[in-house]
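Structure below is final-v3.tsv: TSV, C-alpha atoms.
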chain	number	residue	atom	x	y	z
E	1	MET	CA	-3.58	-7.41	-13.91
E	2	VAL	CA	-1.29	-5.61	-11.50
E	3	ASN	CA	2.24	-4.62	-12.39
E	4	ILE	CA	4.07	-3.90	-9.16
E	5	PRO	CA	7.41	-2.73	-10.64
E	6	ASP	CA	5.59	-0.21	-12.87
E	7	LEU	CA	3.54	1.04	-9.92
E	8	ILE	CA	6.65	1.55	-7.80
E	9	ALA	CA	8.38	3.32	-10.68
E	10	ALA	CA	5.38	5.66	-11.08
E	11	LEU	CA	5.40	6.78	-7.44
E	12	LEU	CA	7.04	10.10	-6.69
E	13	PRO	CA	10.25	9.90	-4.63
E	14	ASP	CA	8.62	11.41	-1.54
E	15	GLU	CA	5.66	9.01	-1.81
E	16	LEU	CA	7.99	6.05	-2.07
E	17	GLU	CA	9.98	7.29	0.92
E	18	ARG	CA	6.80	7.68	2.99
E	19	LEU	CA	5.76	4.12	2.12
E	20	ARG	CA	9.18	2.74	3.01
E	21	SER	CA	9.51	4.75	6.21
E	22	GLY	CA	6.18	3.41	7.48
E	23	GLY	CA	7.26	-0.21	7.16
E	24	PRO	CA	5.37	-3.15	5.70
E	25	GLY	CA	2.56	-3.08	8.27
E	26	HIS	CA	1.97	0.67	7.97
E	27	ILE	CA	-1.65	1.80	7.77
E	28	LEU	CA	-1.96	3.83	4.59
E	29	ASP	CA	-3.52	7.23	5.04
E	30	GLY	CA	-5.65	8.93	2.41
E	31	SER	CA	-2.70	10.68	0.78
E	32	LEU	CA	-0.83	7.38	0.32
E	33	THR	CA	-3.82	5.54	-1.13
E	34	ALA	CA	-4.33	8.53	-3.46
E	35	ALA	CA	-0.65	8.33	-4.48
E	36	ILE	CA	-1.00	4.62	-5.23
E	37	ASP	CA	-4.20	5.30	-7.19
E	38	ARG	CA	-2.45	8.02	-9.22
E	39	ALA	CA	0.58	5.80	-9.91
E	40	ALA	CA	-1.76	2.98	-11.00
E	41	GLY	CA	-3.59	5.17	-13.50
E	42	GLY	CA	-6.16	7.29	-11.70
E	43	THR	CA	-8.79	7.47	-9.01
E	44	GLY	CA	-9.56	4.02	-7.61
E	45	GLU	CA	-7.09	2.24	-9.90
E	46	GLY	CA	-4.74	1.37	-7.04
E	47	ARG	CA	-7.25	-0.75	-5.16
E	48	GLY	CA	-5.51	-3.88	-6.39
E	49	TYR	CA	-2.30	-2.81	-4.67
E	50	TYR	CA	-3.69	-2.18	-1.19
E	51	VAL	CA	-6.21	-4.10	0.88
E	52	VAL	CA	-8.45	-3.57	3.88
E	53	ARG	CA	-7.47	-5.37	7.06
E	54	GLY	CA	-9.90	-5.60	9.91
E	55	HIS	CA	-13.43	-4.26	9.93
E	56	LEU	CA	-15.13	-3.06	6.77
E	57	TRP	CA	-17.70	-0.94	8.59
E	58	PRO	CA	-17.85	1.89	9.27
E	59	VAL	CA	-16.09	2.97	6.10
E	60	GLU	CA	-14.30	5.77	7.95
E	61	ALA	CA	-12.58	3.22	10.20
E	62	ARG	CA	-11.15	1.02	7.44
E	63	GLU	CA	-7.43	0.34	7.64
E	64	TYR	CA	-5.71	0.10	4.27
E	65	HIS	CA	-2.41	-1.77	3.96
E	66	LEU	CA	-0.13	-2.66	1.09
E	67	ARG	CA	-1.00	-6.00	-0.40
E	68	GLU	CA	1.53	-8.60	0.74
E	69	ASP	CA	3.22	-8.99	-2.66
E	70	VAL	CA	3.53	-5.21	-3.02
E	71	ALA	CA	5.11	-4.99	0.43
E	72	GLU	CA	7.49	-7.78	-0.57
E	73	HIS	CA	8.70	-5.71	-3.53
E	74	LEU	CA	9.39	-2.75	-1.24
E	75	PHE	CA	10.75	-4.51	1.84
E	76	GLY	CA	11.81	-8.00	0.81
E	77	PRO	CA	10.11	-11.30	1.65
E	78	ALA	CA	11.35	-11.53	5.25
E	79	LEU	CA	9.80	-8.20	6.25
E	80	SER	CA	6.63	-8.18	4.16
E	81	ALA	CA	4.53	-10.38	6.47
E	82	PRO	CA	1.90	-8.28	8.27
E	83	ASP	CA	3.16	-9.31	11.70
E	84	ALA	CA	6.88	-9.08	10.89
E	85	ALA	CA	8.90	-6.99	13.27
E	86	VAL	CA	10.82	-4.11	11.77
E	87	THR	CA	14.17	-3.47	13.38

Would you kindly transcribe this structure into structure tokens?
Amino acid sequence: MVNIPDLIAALLPDELERLRSGGPGHILDGSLTAAIDRAAGGTGEGRGYYVVRGHLWPVEAREYHLREDVAEHLFGPALSAPDAAVT
């Protein structure tokens, strides 16, 4: 079971700022997925907090995004939709 408030609280300030500065539709790079994994408890533990959008193959081309409910906690419901415009 995921606990979004605990995950957010476990992120380092610079990690949280990088997530917020990228916006809700931001493609997570390897360092951000690693930060989410660490905050969730260790390697691979954050997979419930981010999802793949688009093609699954090749693995190197996967685009990871915050899960919609996680984005909602960071950006609010109006901005968390994947296609929402950030102003």

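Residue nearest Pro24 in chain E, chosen from E:Leu66, E:Ile36, E:Leu7, E:Val51 and counting only C-alpha atoms: E:Leu66.
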
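Distances to Val52 in chain E were evaluated for E:Glu17, E:Asp6, E:Glu68, E:Asp37 using only C-alpha atoms, and the minimum falls at E:Glu68.
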
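Comparing E:Val70, E:Leu16, E:Ala10, E:Glu60 by their smallest distance to Gly48 in chain E, the closest is E:Val70 (using all atoms listed in the file).
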
Specify the axis-aligned box that encloses all atoms of range 64-73 of chain E listed in the file after padding of 5 Å on each side, stating its centre and edge lengths in Å to one decimal as lines of an AutoDock Vina configuration file.
center_x = 1.5
center_y = -4.4
center_z = 0.4
size_x = 24.4
size_y = 19.1
size_z = 17.8

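The two atoms in question, CA of Leu74 in chain E and CA of Tyr50 in chain E, are spaced 13.1 Å apart.
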
(message) Counting all atoms listed in the file, which residues sit no farther than 12 Å from the position (8.7, -3.3, 0.2) in the file's frame? I'd like them as a ChimeraX atom specification.
(response) /E:4-5,8,16-26,65-82,86

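Here CA of Glu63 in chain E and CA of Gly46 in chain E stand 15.0 Å from one another.
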
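CA of Gly30 in chain E is found 16.8 Å from CA of Trp57 in chain E.
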